[in-house]
Amino acid sequence: MSMDIKQIQDLIKFVSKSGVNEVSIEEKDFKITIKTNQEPTYVTASLPAVAPVAVQSAPAPAAPVAAPVTVVATPAADDESHFITVKSPMIGTFYRSAGPDKAPFVNVGDDIAPGKVTCIVEAMKLFNEIESEVSGKIVKILVNDAQPVEYDQPLFLVDPR
């Protein structure tokens, strides 16, 4: 396994946003260590030899944190072309509420604004609150509760206002 400069840049961006203090990857033919000035969070993980994407499973600090959300305007259909697609910022398990007996953060028809928690994505036993970066109305929830999600997977359709 070797990494090109784009993968290294992506890894650096991920580490700086994730709250992880240090990430080290060591293979037969290379070693890379990325450190930040944040308080240490210790994680031991085995990386599969297929791709550095597995590094994205490195956790944020133990307390729930607001993770950035990727927002892309995508035409889903002719009548849905003005909707904004809110995508998962990480790999993990999608949860609509803080617990099984708690109310969902958002439902179809709810108004959202920047900073409002829309869901939780659990990664490596850490629960990351996902906050909205857009204003609008939830028109569709694209993922079922407790379903695994991939990085950049669409989670919600939002009608912007």
# chains A, B, ... in the order shown; residues from 1 in each chain; ligands from 1
>>> residues_around(residues="Ile141 (chain A)", least_positions_apart="4", cutoff="12 Å", atoms="only C-alpha atoms", output="MDAnalysis selection string")
chainID A and resid 85:87 94:96 104:110 118:119 137 145 154:158
>>> write_last_selection(atoms="N, CA, C and O atoms", output="mmCIF file, in the first residue's frame")
data_model
loop_
_atom_site.group_PDB
_atom_site.id
_atom_site.type_symbol
_atom_site.label_atom_id
_atom_site.label_comp_id
_atom_site.auth_asym_id
_atom_site.auth_seq_id
_atom_site.Cartn_x
_atom_site.Cartn_y
_atom_site.Cartn_z
ATOM 1 N N THR A 85 -29.089 18.124 -0.927
ATOM 2 C CA THR A 85 -28.815 16.812 -0.355
ATOM 3 C C THR A 85 -27.802 16.980 0.769
ATOM 4 O O THR A 85 -26.706 17.501 0.549
ATOM 5 N N VAL A 86 -28.171 16.565 1.970
ATOM 6 C CA VAL A 86 -27.251 16.583 3.113
ATOM 7 C C VAL A 86 -26.616 15.202 3.188
ATOM 8 O O VAL A 86 -27.323 14.197 3.238
ATOM 9 N N LYS A 87 -25.277 15.168 3.184
ATOM 10 C CA LYS A 87 -24.560 13.897 3.116
ATOM 11 C C LYS A 87 -23.790 13.618 4.401
ATOM 12 O O LYS A 87 -23.444 14.529 5.146
ATOM 13 N N PHE A 94 -25.950 5.346 11.380
ATOM 14 C CA PHE A 94 -26.857 6.494 11.418
ATOM 15 C C PHE A 94 -27.931 6.279 12.480
ATOM 16 O O PHE A 94 -28.542 5.214 12.552
ATOM 17 N N TYR A 95 -28.129 7.296 13.324
ATOM 18 C CA TYR A 95 -29.204 7.250 14.315
ATOM 19 C C TYR A 95 -30.005 8.543 14.216
ATOM 20 O O TYR A 95 -29.443 9.633 14.183
ATOM 21 N N ARG A 96 -31.333 8.409 14.203
ATOM 22 C CA ARG A 96 -32.216 9.573 14.115
ATOM 23 C C ARG A 96 -32.421 10.251 15.461
ATOM 24 O O ARG A 96 -32.856 11.406 15.512
ATOM 25 N N PRO A 104 -36.932 11.620 17.695
ATOM 26 C CA PRO A 104 -35.968 11.886 16.618
ATOM 27 C C PRO A 104 -35.556 13.363 16.617
ATOM 28 O O PRO A 104 -36.351 14.237 16.984
ATOM 29 N N PHE A 105 -34.313 13.627 16.187
ATOM 30 C CA PHE A 105 -33.843 15.006 16.092
ATOM 31 C C PHE A 105 -34.671 15.787 15.078
ATOM 32 O O PHE A 105 -35.024 16.939 15.326
ATOM 33 N N VAL A 106 -34.945 15.171 13.919
ATOM 34 C CA VAL A 106 -35.773 15.818 12.891
ATOM 35 C C VAL A 106 -36.707 14.792 12.252
ATOM 36 O O VAL A 106 -36.402 13.604 12.217
ATOM 37 N N ASN A 107 -37.831 15.288 11.766
ATOM 38 C CA ASN A 107 -38.802 14.483 11.023
ATOM 39 C C ASN A 107 -39.085 15.185 9.701
ATOM 40 O O ASN A 107 -38.770 16.377 9.540
ATOM 41 N N VAL A 108 -39.697 14.470 8.783
ATOM 42 C CA VAL A 108 -40.117 15.082 7.527
ATOM 43 C C VAL A 108 -41.072 16.228 7.863
ATOM 44 O O VAL A 108 -41.975 16.078 8.689
ATOM 45 N N GLY A 109 -40.839 17.384 7.257
ATOM 46 C CA GLY A 109 -41.664 18.565 7.506
ATOM 47 C C GLY A 109 -41.072 19.521 8.519
ATOM 48 O O GLY A 109 -41.533 20.655 8.637
ATOM 49 N N ASP A 110 -40.051 19.090 9.266
ATOM 50 C CA ASP A 110 -39.421 19.964 10.260
ATOM 51 C C ASP A 110 -38.554 21.013 9.581
ATOM 52 O O ASP A 110 -37.907 20.753 8.571
ATOM 53 N N THR A 118 -29.200 17.198 13.413
ATOM 54 C CA THR A 118 -30.150 16.474 12.565
ATOM 55 C C THR A 118 -30.117 14.973 12.807
ATOM 56 O O THR A 118 -31.092 14.281 12.557
ATOM 57 N N CYS A 119 -28.962 14.454 13.275
ATOM 58 C CA CYS A 119 -28.827 13.017 13.504
ATOM 59 C C CYS A 119 -27.517 12.762 14.248
ATOM 60 O O CYS A 119 -26.787 13.699 14.568
ATOM 61 N N LYS A 137 -36.459 23.022 5.005
ATOM 62 C CA LYS A 137 -37.447 22.094 5.528
ATOM 63 C C LYS A 137 -37.065 20.684 5.081
ATOM 64 O O LYS A 137 -36.790 20.455 3.907
ATOM 65 N N ASP A 145 -33.131 4.300 10.515
ATOM 66 C CA ASP A 145 -32.474 4.357 11.815
ATOM 67 C C ASP A 145 -31.613 3.112 12.030
ATOM 68 O O ASP A 145 -32.008 1.997 11.673
ATOM 69 N N PRO A 154 -25.891 10.219 0.898
ATOM 70 C CA PRO A 154 -27.012 11.131 1.172
ATOM 71 C C PRO A 154 -27.831 10.673 2.386
ATOM 72 O O PRO A 154 -28.171 9.501 2.507
ATOM 73 N N LEU A 155 -28.146 11.631 3.274
ATOM 74 C CA LEU A 155 -28.925 11.349 4.478
ATOM 75 C C LEU A 155 -30.318 11.990 4.420
ATOM 76 O O LEU A 155 -31.307 11.363 4.803
ATOM 77 N N PHE A 156 -30.382 13.251 3.969
ATOM 78 C CA PHE A 156 -31.623 14.000 3.957
ATOM 79 C C PHE A 156 -31.732 14.805 2.666
ATOM 80 O O PHE A 156 -30.734 15.204 2.089
ATOM 81 N N LEU A 157 -32.994 15.067 2.259
ATOM 82 C CA LEU A 157 -33.266 16.062 1.227
ATOM 83 C C LEU A 157 -33.913 17.252 1.935
ATOM 84 O O LEU A 157 -34.833 17.080 2.738
ATOM 85 N N VAL A 158 -33.407 18.450 1.650
ATOM 86 C CA VAL A 158 -33.881 19.667 2.302
ATOM 87 C C VAL A 158 -34.362 20.655 1.249
ATOM 88 O O VAL A 158 -33.685 20.879 0.235
#
>>> closest_residue(among="A:Asp159, A:Val15, A:Pro114, A:Met124", to="Lys35 (chain A)", atoms="only C-alpha atoms")
A:Val15
>>> residues_around(residues="Ile120 (chain A)", least_positions_apart="3", cutoff="9 Å", atoms="only C-alpha atoms", output="list in words")
Pro64, Thr93, Phe94, Tyr95, Arg96, Ser97, Ala98, Phe105, Val117, Phe127, Asn128, Glu129, Ile130 and Glu131 of chain A
>>> closest_residue(among="A:Ile112, A:Glu27, A:Glu22, A:Leu126", to="Val139 (chain A)", atoms="only C-alpha atoms")
A:Ile112
>>> atom_distance(atom1="CA of Gly92 (chain A)", atom2="CA of Asp29 (chain A)")
29.4 Å
>>> closest_residue(among="A:Thr33, A:Leu142, A:Ser132, A:Glu150", to="Ile91 (chain A)", atoms="only C-alpha atoms")
A:Glu150
>>> atom_distance(atom1="CA of Ala146 (chain A)", atom2="CA of Lys13 (chain A)")
27.2 Å
>>> decode(residues="region 2-17 of chain A", atoms="all heavy atoms", output="PDB file, in the first residue's frame")
ATOM      1  N   SER A   2       0.642   2.148  -0.868  1.00  0.00           N
ATOM      2  CA  SER A   2       1.336   3.422  -0.848  1.00  0.00           C
ATOM      3  C   SER A   2       0.297   4.508  -1.044  1.00  0.00           C
ATOM      4  O   SER A   2      -0.772   4.275  -1.584  1.00  0.00           O
ATOM      5  CB  SER A   2       2.413   3.476  -1.931  1.00  0.00           C
ATOM      6  OG  SER A   2       1.807   3.418  -3.195  1.00  0.00           O
ATOM      7  N   MET A   3       0.603   5.696  -0.586  1.00  0.00           N
ATOM      8  CA  MET A   3      -0.358   6.798  -0.645  1.00  0.00           C
ATOM      9  C   MET A   3       0.166   7.862  -1.596  1.00  0.00           C
ATOM     10  O   MET A   3       1.350   8.183  -1.574  1.00  0.00           O
ATOM     11  CB  MET A   3      -0.555   7.400   0.749  1.00  0.00           C
ATOM     12  CG  MET A   3      -1.160   6.436   1.755  1.00  0.00           C
ATOM     13  SD  MET A   3      -1.316   7.156   3.392  1.00  0.00           S
ATOM     14  CE  MET A   3      -2.729   8.201   3.167  1.00  0.00           C
ATOM     15  N   ASP A   4      -0.748   8.427  -2.404  1.00  0.00           N
ATOM     16  CA  ASP A   4      -0.333   9.541  -3.239  1.00  0.00           C
ATOM     17  C   ASP A   4      -0.581  10.836  -2.467  1.00  0.00           C
ATOM     18  O   ASP A   4      -1.156  10.840  -1.381  1.00  0.00           O
ATOM     19  CB  ASP A   4      -1.045   9.522  -4.595  1.00  0.00           C
ATOM     20  CG  ASP A   4      -2.561   9.678  -4.484  1.00  0.00           C
ATOM     21  OD1 ASP A   4      -3.043  10.310  -3.527  1.00  0.00           O
ATOM     22  OD2 ASP A   4      -3.253   9.162  -5.375  1.00  0.00           O
ATOM     23  N   ILE A   5      -0.154  11.939  -3.012  1.00  0.00           N
ATOM     24  CA  ILE A   5      -0.227  13.223  -2.314  1.00  0.00           C
ATOM     25  C   ILE A   5      -1.672  13.622  -2.014  1.00  0.00           C
ATOM     26  O   ILE A   5      -1.960  14.167  -0.955  1.00  0.00           O
ATOM     27  CB  ILE A   5       0.509  14.336  -3.104  1.00  0.00           C
ATOM     28  CG1 ILE A   5       0.660  15.600  -2.246  1.00  0.00           C
ATOM     29  CG2 ILE A   5      -0.201  14.662  -4.389  1.00  0.00           C
ATOM     30  CD1 ILE A   5       1.631  15.455  -1.132  1.00  0.00           C
ATOM     31  N   LYS A   6      -2.610  13.303  -2.906  1.00  0.00           N
ATOM     32  CA  LYS A   6      -4.032  13.626  -2.681  1.00  0.00           C
ATOM     33  C   LYS A   6      -4.572  12.864  -1.465  1.00  0.00           C
ATOM     34  O   LYS A   6      -5.280  13.436  -0.635  1.00  0.00           O
ATOM     35  CB  LYS A   6      -4.841  13.271  -3.947  1.00  0.00           C
ATOM     36  CG  LYS A   6      -6.333  13.425  -3.786  1.00  0.00           C
ATOM     37  CD  LYS A   6      -6.778  14.842  -3.949  1.00  0.00           C
ATOM     38  CE  LYS A   6      -8.296  14.928  -4.017  1.00  0.00           C
ATOM     39  NZ  LYS A   6      -8.907  15.489  -2.870  1.00  0.00           N
ATOM     40  N   GLN A   7      -4.216  11.587  -1.348  1.00  0.00           N
ATOM     41  CA  GLN A   7      -4.673  10.800  -0.200  1.00  0.00           C
ATOM     42  C   GLN A   7      -4.071  11.339   1.101  1.00  0.00           C
ATOM     43  O   GLN A   7      -4.742  11.380   2.126  1.00  0.00           O
ATOM     44  CB  GLN A   7      -4.291   9.335  -0.386  1.00  0.00           C
ATOM     45  CG  GLN A   7      -5.074   8.649  -1.490  1.00  0.00           C
ATOM     46  CD  GLN A   7      -4.554   7.260  -1.794  1.00  0.00           C
ATOM     47  OE1 GLN A   7      -3.350   7.048  -1.868  1.00  0.00           O
ATOM     48  NE2 GLN A   7      -5.464   6.324  -1.973  1.00  0.00           N
ATOM     49  N   ILE A   8      -2.825  11.759   1.050  1.00  0.00           N
ATOM     50  CA  ILE A   8      -2.174  12.321   2.242  1.00  0.00           C
ATOM     51  C   ILE A   8      -2.849  13.634   2.627  1.00  0.00           C
ATOM     52  O   ILE A   8      -3.136  13.874   3.802  1.00  0.00           O
ATOM     53  CB  ILE A   8      -0.666  12.499   2.008  1.00  0.00           C
ATOM     54  CG1 ILE A   8       0.003  11.127   1.867  1.00  0.00           C
ATOM     55  CG2 ILE A   8      -0.028  13.299   3.149  1.00  0.00           C
ATOM     56  CD1 ILE A   8       1.445  11.172   1.415  1.00  0.00           C
ATOM     57  N   GLN A   9      -3.148  14.487   1.639  1.00  0.00           N
ATOM     58  CA  GLN A   9      -3.835  15.747   1.925  1.00  0.00           C
ATOM     59  C   GLN A   9      -5.218  15.491   2.515  1.00  0.00           C
ATOM     60  O   GLN A   9      -5.625  16.158   3.470  1.00  0.00           O
ATOM     61  CB  GLN A   9      -3.958  16.582   0.647  1.00  0.00           C
ATOM     62  CG  GLN A   9      -2.632  17.149   0.184  1.00  0.00           C
ATOM     63  CD  GLN A   9      -2.734  17.810  -1.186  1.00  0.00           C
ATOM     64  OE1 GLN A   9      -3.629  17.534  -1.968  1.00  0.00           O
ATOM     65  NE2 GLN A   9      -1.778  18.692  -1.460  1.00  0.00           N
ATOM     66  N   ASP A  10      -5.939  14.524   1.966  1.00  0.00           N
ATOM     67  CA  ASP A  10      -7.259  14.180   2.504  1.00  0.00           C
ATOM     68  C   ASP A  10      -7.152  13.675   3.940  1.00  0.00           C
ATOM     69  O   ASP A  10      -7.979  13.994   4.790  1.00  0.00           O
ATOM     70  CB  ASP A  10      -7.955  13.128   1.636  1.00  0.00           C
ATOM     71  CG  ASP A  10      -8.393  13.681   0.282  1.00  0.00           C
ATOM     72  OD1 ASP A  10      -8.446  14.925   0.132  1.00  0.00           O
ATOM     73  OD2 ASP A  10      -8.674  12.860  -0.617  1.00  0.00           O
ATOM     74  N   LEU A  11      -6.139  12.870   4.209  1.00  0.00           N
ATOM     75  CA  LEU A  11      -5.919  12.354   5.555  1.00  0.00           C
ATOM     76  C   LEU A  11      -5.620  13.491   6.528  1.00  0.00           C
ATOM     77  O   LEU A  11      -6.150  13.530   7.635  1.00  0.00           O
ATOM     78  CB  LEU A  11      -4.783  11.324   5.558  1.00  0.00           C
ATOM     79  CG  LEU A  11      -4.449  10.682   6.893  1.00  0.00           C
ATOM     80  CD1 LEU A  11      -5.656   9.946   7.461  1.00  0.00           C
ATOM     81  CD2 LEU A  11      -3.277   9.732   6.739  1.00  0.00           C
ATOM     82  N   ILE A  12      -4.800  14.436   6.117  1.00  0.00           N
ATOM     83  CA  ILE A  12      -4.473  15.586   6.971  1.00  0.00           C
ATOM     84  C   ILE A  12      -5.743  16.388   7.267  1.00  0.00           C
ATOM     85  O   ILE A  12      -5.995  16.762   8.415  1.00  0.00           O
ATOM     86  CB  ILE A  12      -3.400  16.472   6.303  1.00  0.00           C
ATOM     87  CG1 ILE A  12      -2.055  15.734   6.292  1.00  0.00           C
ATOM     88  CG2 ILE A  12      -3.264  17.808   7.034  1.00  0.00           C
ATOM     89  CD1 ILE A  12      -0.990  16.383   5.435  1.00  0.00           C
ATOM     90  N   LYS A  13      -6.564  16.637   6.251  1.00  0.00           N
ATOM     91  CA  LYS A  13      -7.817  17.371   6.465  1.00  0.00           C
ATOM     92  C   LYS A  13      -8.731  16.616   7.426  1.00  0.00           C
ATOM     93  O   LYS A  13      -9.336  17.197   8.312  1.00  0.00           O
ATOM     94  CB  LYS A  13      -8.542  17.590   5.135  1.00  0.00           C
ATOM     95  CG  LYS A  13      -7.884  18.620   4.254  1.00  0.00           C
ATOM     96  CD  LYS A  13      -8.611  18.740   2.929  1.00  0.00           C
ATOM     97  CE  LYS A  13      -7.836  19.595   1.958  1.00  0.00           C
ATOM     98  NZ  LYS A  13      -8.424  19.582   0.615  1.00  0.00           N
ATOM     99  N   PHE A  14      -8.835  15.301   7.244  1.00  0.00           N
ATOM    100  CA  PHE A  14      -9.691  14.494   8.112  1.00  0.00           C
ATOM    101  C   PHE A  14      -9.203  14.560   9.555  1.00  0.00           C
ATOM    102  O   PHE A  14      -9.985  14.756  10.480  1.00  0.00           O
ATOM    103  CB  PHE A  14      -9.724  13.044   7.632  1.00  0.00           C
ATOM    104  CG  PHE A  14     -10.448  12.155   8.603  1.00  0.00           C
ATOM    105  CD1 PHE A  14     -11.823  12.176   8.667  1.00  0.00           C
ATOM    106  CD2 PHE A  14      -9.746  11.335   9.467  1.00  0.00           C
ATOM    107  CE1 PHE A  14     -12.494  11.383   9.579  1.00  0.00           C
ATOM    108  CE2 PHE A  14     -10.412  10.545  10.382  1.00  0.00           C
ATOM    109  CZ  PHE A  14     -11.789  10.575  10.438  1.00  0.00           C
ATOM    110  N   VAL A  15      -7.887  14.411   9.769  1.00  0.00           N
ATOM    111  CA  VAL A  15      -7.328  14.421  11.124  1.00  0.00           C
ATOM    112  C   VAL A  15      -7.582  15.775  11.779  1.00  0.00           C
ATOM    113  O   VAL A  15      -7.979  15.846  12.939  1.00  0.00           O
ATOM    114  CB  VAL A  15      -5.821  14.071  11.099  1.00  0.00           C
ATOM    115  CG1 VAL A  15      -5.176  14.316  12.449  1.00  0.00           C
ATOM    116  CG2 VAL A  15      -5.625  12.620  10.690  1.00  0.00           C
ATOM    117  N   SER A  16      -7.400  16.863  11.029  1.00  0.00           N
ATOM    118  CA  SER A  16      -7.598  18.185  11.624  1.00  0.00           C
ATOM    119  C   SER A  16      -9.062  18.418  12.007  1.00  0.00           C
ATOM    120  O   SER A  16      -9.342  19.077  12.993  1.00  0.00           O
ATOM    121  CB  SER A  16      -7.111  19.279  10.683  1.00  0.00           C
ATOM    122  OG  SER A  16      -7.925  19.353   9.542  1.00  0.00           O
ATOM    123  N   LYS A  17      -9.999  17.867  11.242  1.00  0.00           N
ATOM    124  CA  LYS A  17     -11.421  18.052  11.542  1.00  0.00           C
ATOM    125  C   LYS A  17     -11.946  17.066  12.573  1.00  0.00           C
ATOM    126  O   LYS A  17     -12.930  17.330  13.238  1.00  0.00           O
ATOM    127  CB  LYS A  17     -12.246  17.913  10.269  1.00  0.00           C
ATOM    128  CG  LYS A  17     -12.061  19.047   9.301  1.00  0.00           C
ATOM    129  CD  LYS A  17     -12.917  18.839   8.069  1.00  0.00           C
ATOM    130  CE  LYS A  17     -12.728  19.948   7.072  1.00  0.00           C
ATOM    131  NZ  LYS A  17     -13.537  19.726   5.869  1.00  0.00           N
TER     132      LYS A  17
END
